[in-house]
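Q: Attaching a single structure in structure tokens format; questions to follow.
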Amino acid sequence: MNDRVGKLKHERIVEHLAKEIQSGRLAHGAQLPGENALAARFSVSRNTVRQALTELGNQGLIATHSGKGSFVTFDGRPIDDRLGWTRALADQGVRTTIVRVELVEDAELAARFGLDSAELVAVDRLRSSVDGEAISFERSRVPAIGTLRDLPERGLGESLYEELRAVGLVPDSGEEWCELARLGAVEARLLGRPEGERFLRTRRVTRDLNGRFVEHVESLLDPDRFRLHLVFGG
């Protein structure tokens with residue numbers, strides 16, 4: 001019963017805010033009130049507000065980032081993680097090529113993040129700009145559950161984010177590490193760059209509202225196109 005009530009509450013918020021955005025009452029690019037203000041306005045918890053904001057992001061009505069933390073920008077423009085990188089970058093003319101989709105065993109990663117199973121789905125992707133230049137290479141690892149387990153056989157559709165969402169895994173929080181790294185032989189060949197060239201390497205783990213593991217992704221990013229942006233405050 002409580003689950004159903006919670007669902008109705010977050011759907012009510014989505015409906016109200018969507019109407020305000022689509023009617024122009026909330027101007028394009030305007031900042032929404034904070035989570036506390038929305039929670040007070042609709043008399044709900046902050047978790048319910050987050051569910052509503054996530055759904056608005058899924059519908060492409062808002063771009064969301066936490067008030068503090070870090071996120072990657074592409075050519076100076078923020079990439080909305082809640083929409084998935086494939087969709088967000090496609091809007092900026094970036095093409096995605098699937099390099100690998102395979103079931104793998106990764107005991108080290110499973111132990112690091114406390115996973116019940118070491119069996120994961122590996123999804124490796126290459127991103128290229130409009131002129132065909134490769135600008136990033138990403139290795140994603142996601143749980144081999146539900147329909148995700150079938151990805152190697154049926155192939156990945158337009159977005160890994162949508163595949164995750166279909167099994168109830170919606171990113172809500174996480175951690176990210178960033179450093180400069182030299183390209184190894186395999187990465188250099190895929191990216192068409194000299195071996196040893198410096199790229200920005202990020203490692204990110206995301207979890208859903210319930211703390212369940214969603215995805216671990218290691219990215220190699222062209223530092224001429226990508227930046228790490230930090231937001232902080234009191």
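Each chain in the structure tokens gets a letter, A, B and so on, in the order shown; residues start at 1 in every chain, and ligands are counted from 1 in the order they appear.
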For range 112-120 of chain A, find every residue with an atom within 8 Å (counting only C-alpha atoms), except residues of its own chain fewer than 5 positions away, and show them as a PyMOL selection string.
A: chain A and resi 103-107+141-144+213
Q: Please identify all polymer residues within 10 Å of range 48-51 of chain A, counting only C-alpha atoms, omitting same-chain residues fewer than 2 positions from it, and present them as a PDB file with N, CA and C atoms, in the first residue's frame.
A:
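Written file, out.pdb:
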ATOM      1  N   GLY A   6       3.316   6.131  -2.500  1.00  0.00           N
ATOM      2  CA  GLY A   6       4.535   6.828  -2.900  1.00  0.00           C
ATOM      3  C   GLY A   6       4.594   7.038  -4.398  1.00  0.00           C
ATOM      4  N   LYS A   7       4.190   6.032  -5.141  1.00  0.00           N
ATOM      5  CA  LYS A   7       4.208   6.142  -6.595  1.00  0.00           C
ATOM      6  C   LYS A   7       3.245   7.222  -7.059  1.00  0.00           C
ATOM      7  N   LEU A   8       2.050   7.254  -6.481  1.00  0.00           N
ATOM      8  CA  LEU A   8       1.073   8.262  -6.844  1.00  0.00           C
ATOM      9  C   LEU A   8       1.579   9.660  -6.522  1.00  0.00           C
ATOM     10  N   LYS A   9       2.279   9.817  -5.413  1.00  0.00           N
ATOM     11  CA  LYS A   9       2.812  11.126  -5.033  1.00  0.00           C
ATOM     12  C   LYS A   9       3.836  11.616  -6.051  1.00  0.00           C
ATOM     13  N   HIS A  10       4.747  10.740  -6.435  1.00  0.00           N
ATOM     14  CA  HIS A  10       5.782  11.212  -7.366  1.00  0.00           C
ATOM     15  C   HIS A  10       5.187  11.451  -8.757  1.00  0.00           C
ATOM     16  N   GLU A  11       4.178  10.666  -9.131  1.00  0.00           N
ATOM     17  CA  GLU A  11       3.512  10.897 -10.417  1.00  0.00           C
ATOM     18  C   GLU A  11       2.776  12.230 -10.422  1.00  0.00           C
ATOM     19  N   ILE A  13       3.659  14.936  -8.768  1.00  0.00           N
ATOM     20  CA  ILE A  13       4.660  15.988  -8.919  1.00  0.00           C
ATOM     21  C   ILE A  13       5.105  16.091 -10.379  1.00  0.00           C
ATOM     22  N   VAL A  14       5.355  14.939 -11.009  1.00  0.00           N
ATOM     23  CA  VAL A  14       5.750  14.918 -12.424  1.00  0.00           C
ATOM     24  C   VAL A  14       4.700  15.620 -13.278  1.00  0.00           C
ATOM     25  N   GLY A  34      14.869  24.035  -5.260  1.00  0.00           N
ATOM     26  CA  GLY A  34      15.626  22.929  -4.686  1.00  0.00           C
ATOM     27  C   GLY A  34      14.734  21.821  -4.161  1.00  0.00           C
ATOM     28  N   GLU A  35      15.351  20.689  -3.829  1.00  0.00           N
ATOM     29  CA  GLU A  35      14.596  19.531  -3.342  1.00  0.00           C
ATOM     30  C   GLU A  35      13.791  19.858  -2.095  1.00  0.00           C
ATOM     31  N   ASN A  36      14.388  20.614  -1.158  1.00  0.00           N
ATOM     32  CA  ASN A  36      13.676  20.958   0.074  1.00  0.00           C
ATOM     33  C   ASN A  36      12.437  21.796  -0.216  1.00  0.00           C
ATOM     34  N   ALA A  37      12.587  22.765  -1.141  1.00  0.00           N
ATOM     35  CA  ALA A  37      11.451  23.625  -1.486  1.00  0.00           C
ATOM     36  C   ALA A  37      10.340  22.832  -2.162  1.00  0.00           C
ATOM     37  N   LEU A  38      10.710  21.921  -3.069  1.00  0.00           N
ATOM     38  CA  LEU A  38       9.702  21.092  -3.740  1.00  0.00           C
ATOM     39  C   LEU A  38       9.032  20.133  -2.771  1.00  0.00           C
ATOM     40  N   ALA A  39       9.820  19.582  -1.846  1.00  0.00           N
ATOM     41  CA  ALA A  39       9.251  18.679  -0.842  1.00  0.00           C
ATOM     42  C   ALA A  39       8.224  19.411   0.010  1.00  0.00           C
ATOM     43  N   ALA A  40       8.532  20.661   0.381  1.00  0.00           N
ATOM     44  CA  ALA A  40       7.597  21.452   1.185  1.00  0.00           C
ATOM     45  C   ALA A  40       6.352  21.814   0.370  1.00  0.00           C
ATOM     46  N   PHE A  42       4.941  20.222  -2.143  1.00  0.00           N
ATOM     47  CA  PHE A  42       4.047  19.096  -2.410  1.00  0.00           C
ATOM     48  C   PHE A  42       3.789  18.215  -1.183  1.00  0.00           C
ATOM     49  N   SER A  43       4.376  18.598  -0.044  1.00  0.00           N
ATOM     50  CA  SER A  43       4.185  17.857   1.218  1.00  0.00           C
ATOM     51  C   SER A  43       4.593  16.390   1.080  1.00  0.00           C
ATOM     52  N   VAL A  44       5.805  16.192   0.556  1.00  0.00           N
ATOM     53  CA  VAL A  44       6.332  14.840   0.366  1.00  0.00           C
ATOM     54  C   VAL A  44       7.779  14.799   0.857  1.00  0.00           C
ATOM     55  N   SER A  45       8.369  13.606   0.853  1.00  0.00           N
ATOM     56  CA  SER A  45       9.766  13.460   1.253  1.00  0.00           C
ATOM     57  C   SER A  45      10.688  13.859   0.110  1.00  0.00           C
ATOM     58  N   ARG A  46      11.962  14.089   0.437  1.00  0.00           N
ATOM     59  CA  ARG A  46      12.947  14.421  -0.599  1.00  0.00           C
ATOM     60  C   ARG A  46      13.153  13.243  -1.535  1.00  0.00           C
ATOM     61  N   LEU A  53      11.968  14.066 -10.130  1.00  0.00           N
ATOM     62  CA  LEU A  53      12.966  14.742 -10.953  1.00  0.00           C
ATOM     63  C   LEU A  53      13.645  13.760 -11.914  1.00  0.00           C
ATOM     64  N   THR A  54      13.883  12.535 -11.424  1.00  0.00           N
ATOM     65  CA  THR A  54      14.461  11.510 -12.293  1.00  0.00           C
ATOM     66  C   THR A  54      13.542  11.226 -13.480  1.00  0.00           C
ATOM     67  N   GLU A  55      12.239  11.119 -13.212  1.00  0.00           N
ATOM     68  CA  GLU A  55      11.289  10.840 -14.289  1.00  0.00           C
ATOM     69  C   GLU A  55      11.204  12.006 -15.265  1.00  0.00           C
ATOM     70  N   LEU A  56      11.241  13.238 -14.762  1.00  0.00           N
ATOM     71  CA  LEU A  56      11.247  14.406 -15.653  1.00  0.00           C
ATOM     72  C   LEU A  56      12.499  14.417 -16.524  1.00  0.00           C
ATOM     73  N   GLY A  57      13.626  14.001 -15.935  1.00  0.00           N
ATOM     74  CA  GLY A  57      14.854  13.874 -16.714  1.00  0.00           C
ATOM     75  C   GLY A  57      14.736  12.804 -17.774  1.00  0.00           C
ATOM     76  N   VAL A 170      17.786   2.642 -12.035  1.00  0.00           N
ATOM     77  CA  VAL A 170      17.876   4.044 -12.443  1.00  0.00           C
ATOM     78  C   VAL A 170      18.937   4.727 -11.588  1.00  0.00           C
ATOM     79  N   ASP A 172      20.979   7.047  -9.297  1.00  0.00           N
ATOM     80  CA  ASP A 172      20.567   8.124  -8.398  1.00  0.00           C
ATOM     81  C   ASP A 172      21.758   8.784  -7.707  1.00  0.00           C
ATOM     82  N   LEU A 209      18.206   4.445  -6.032  1.00  0.00           N
ATOM     83  CA  LEU A 209      17.665   5.025  -4.802  1.00  0.00           C
ATOM     84  C   LEU A 209      17.787   4.087  -3.609  1.00  0.00           C
TER      85      LEU A 209
END
Q: Would you mind reading off the distance between CA of Glu102 in chain A and CA of Glu153 in chain A, one decimal, in Å?
A: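 Pair CA of Glu102 in chain A / CA of Glu153 in chain A returns 8.6 Å.
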Q: Using only C-alpha atoms, can you tell me which of A:Lys19, A:Val121, A:Leu191, A:Leu109 comes closest to Leu151 in chain A?
A: A:Val121
Q: Please measure the separation of CA of Ala188 in chain A and CA of Phe137 in chain A, giving the value in Å to one decimal.
A: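 Taking CA of Ala188 in chain A as the start and CA of Phe137 in chain A as the end point, the length is 9.8 Å.
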Q: Using only C-alpha atoms, determine which residues lie at most 7 Å from Asp208 in chain A, disregarding the query and same-chain residues fewer than 2 positions distant; provide the list as a PDB file with N, CA and C atoms, in the first residue's frame.
A:
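Saved as part-v3.pdb:
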ATOM      1  N   LEU A 169      16.729  -0.363 -12.777  1.00  0.00           N
ATOM      2  CA  LEU A 169      17.972   0.230 -12.283  1.00  0.00           C
ATOM      3  C   LEU A 169      18.120   1.639 -12.858  1.00  0.00           C
ATOM      4  N   VAL A 170      17.786   2.642 -12.035  1.00  0.00           N
ATOM      5  CA  VAL A 170      17.876   4.044 -12.443  1.00  0.00           C
ATOM      6  C   VAL A 170      18.937   4.727 -11.588  1.00  0.00           C
ATOM      7  N   PRO A 171      20.011   5.238 -12.197  1.00  0.00           N
ATOM      8  CA  PRO A 171      21.075   5.877 -11.413  1.00  0.00           C
ATOM      9  C   PRO A 171      20.551   7.026 -10.561  1.00  0.00           C
ATOM     10  N   ASP A 172      20.979   7.047  -9.297  1.00  0.00           N
ATOM     11  CA  ASP A 172      20.567   8.124  -8.398  1.00  0.00           C
ATOM     12  C   ASP A 172      21.758   8.784  -7.707  1.00  0.00           C
ATOM     13  N   SER A 173      22.780   8.002  -7.387  1.00  0.00           N
ATOM     14  CA  SER A 173      23.945   8.539  -6.690  1.00  0.00           C
ATOM     15  C   SER A 173      25.172   7.735  -7.102  1.00  0.00           C
ATOM     16  N   THR A 206      27.729   3.956 -10.105  1.00  0.00           N
ATOM     17  CA  THR A 206      26.429   4.539  -9.780  1.00  0.00           C
ATOM     18  C   THR A 206      25.549   3.505  -9.094  1.00  0.00           C
ATOM     19  N   ASN A 210      17.760   2.779  -3.874  1.00  0.00           N
ATOM     20  CA  ASN A 210      17.847   1.785  -2.801  1.00  0.00           C
ATOM     21  C   ASN A 210      19.273   1.332  -2.524  1.00  0.00           C
ATOM     22  N   GLY A 211      20.245   1.965  -3.170  1.00  0.00           N
ATOM     23  CA  GLY A 211      21.637   1.619  -2.951  1.00  0.00           C
ATOM     24  C   GLY A 211      22.131   0.440  -3.764  1.00  0.00           C
ATOM     25  N   ARG A 212      21.311  -0.067  -4.686  1.00  0.00           N
ATOM     26  CA  ARG A 212      21.735  -1.195  -5.522  1.00  0.00           C
ATOM     27  C   ARG A 212      22.731  -0.742  -6.584  1.00  0.00           C
ATOM     28  N   PHE A 213      23.717  -1.582  -6.845  1.00  0.00           N
ATOM     29  CA  PHE A 213      24.705  -1.312  -7.884  1.00  0.00           C
ATOM     30  C   PHE A 213      24.020  -1.220  -9.241  1.00  0.00           C
ATOM     31  N   VAL A 214      24.329  -0.165  -9.987  1.00  0.00           N
ATOM     32  CA  VAL A 214      23.768   0.022 -11.326  1.00  0.00           C
ATOM     33  C   VAL A 214      24.828  -0.183 -12.398  1.00  0.00           C
TER      34      VAL A 214
END
Q: Can you pull out the residues contacting Val205 in chain A? Cut-off 6 Å, using only C-alpha atoms, and skip same-chain residues under 3 positions away; I want them as a VMD selection string.
A: chain A and resid 174 to 175 215 to 216
Q: Deliver the residues from the most recent selection as a file, using all heavy atoms, as a JSON list (two decimals), in the first residue's frame.
A:
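Result went into result-v5.json, see below:
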[["chain", "number", "residue", "atom", "x", "y", "z"],
["A", 174, "GLY", "N", 26.35, 8.23, -6.72],
["A", 174, "GLY", "CA", 27.55, 7.49, -7.07],
["A", 174, "GLY", "C", 28.81, 8.23, -6.70],
["A", 174, "GLY", "O", 28.79, 9.25, -6.02],
["A", 175, "GLU", "N", 29.92, 7.69, -7.17],
["A", 175, "GLU", "CA", 31.23, 8.28, -6.96],
["A", 175, "GLU", "C", 31.99, 8.27, -8.28],
["A", 175, "GLU", "O", 31.76, 7.41, -9.13],
["A", 175, "GLU", "CB", 32.04, 7.49, -5.93],
["A", 175, "GLU", "CG", 31.47, 7.48, -4.53],
["A", 175, "GLU", "CD", 32.34, 6.65, -3.60],
["A", 175, "GLU", "OE1", 33.33, 7.19, -3.08],
["A", 175, "GLU", "OE2", 32.03, 5.45, -3.42],
["A", 215, "GLU", "N", 25.95, 0.54, -12.27],
["A", 215, "GLU", "CA", 26.95, 0.47, -13.34],
["A", 215, "GLU", "C", 28.31, 0.92, -12.84],
["A", 215, "GLU", "O", 28.42, 1.82, -12.01],
["A", 215, "GLU", "CB", 26.52, 1.38, -14.51],
["A", 215, "GLU", "CG", 27.49, 1.41, -15.68],
["A", 215, "GLU", "CD", 27.08, 2.41, -16.76],
["A", 215, "GLU", "OE1", 26.29, 3.33, -16.46],
["A", 215, "GLU", "OE2", 27.56, 2.27, -17.90],
["A", 216, "HIS", "N", 29.35, 0.27, -13.35],
["A", 216, "HIS", "CA", 30.72, 0.77, -13.21],
["A", 216, "HIS", "C", 31.23, 1.03, -14.62],
["A", 216, "HIS", "O", 31.13, 0.19, -15.49],
["A", 216, "HIS", "CB", 31.62, -0.25, -12.52],
["A", 216, "HIS", "CG", 33.04, 0.19, -12.40],
["A", 216, "HIS", "ND1", 34.00, -0.08, -13.36],
["A", 216, "HIS", "CD2", 33.68, 0.93, -11.45],
["A", 216, "HIS", "CE1", 35.15, 0.45, -13.00],
["A", 216, "HIS", "NE2", 34.99, 1.06, -11.85]]
Q: So which residues touch Leu180 in chain A within 10 Å, counting only C-alpha atoms, skipping near sequence neighbours fewer than 6 positions away, as a list in words?
A: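 Once the nearby chain positions are removed, what remains is Glu197, Arg198, Phe199, Leu200, Arg201, Thr202, Leu220, Leu221 and Pro223 of chain A.
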Q: Report as a PyMOL selection string: the residues of range 67-203 of chain A with a DSSP assignment of helix (DSSP H, G or I), based on the backbone of this structure.
A: chain A and resi 81-83+85-90+107-112+146-154+160-166+185-191
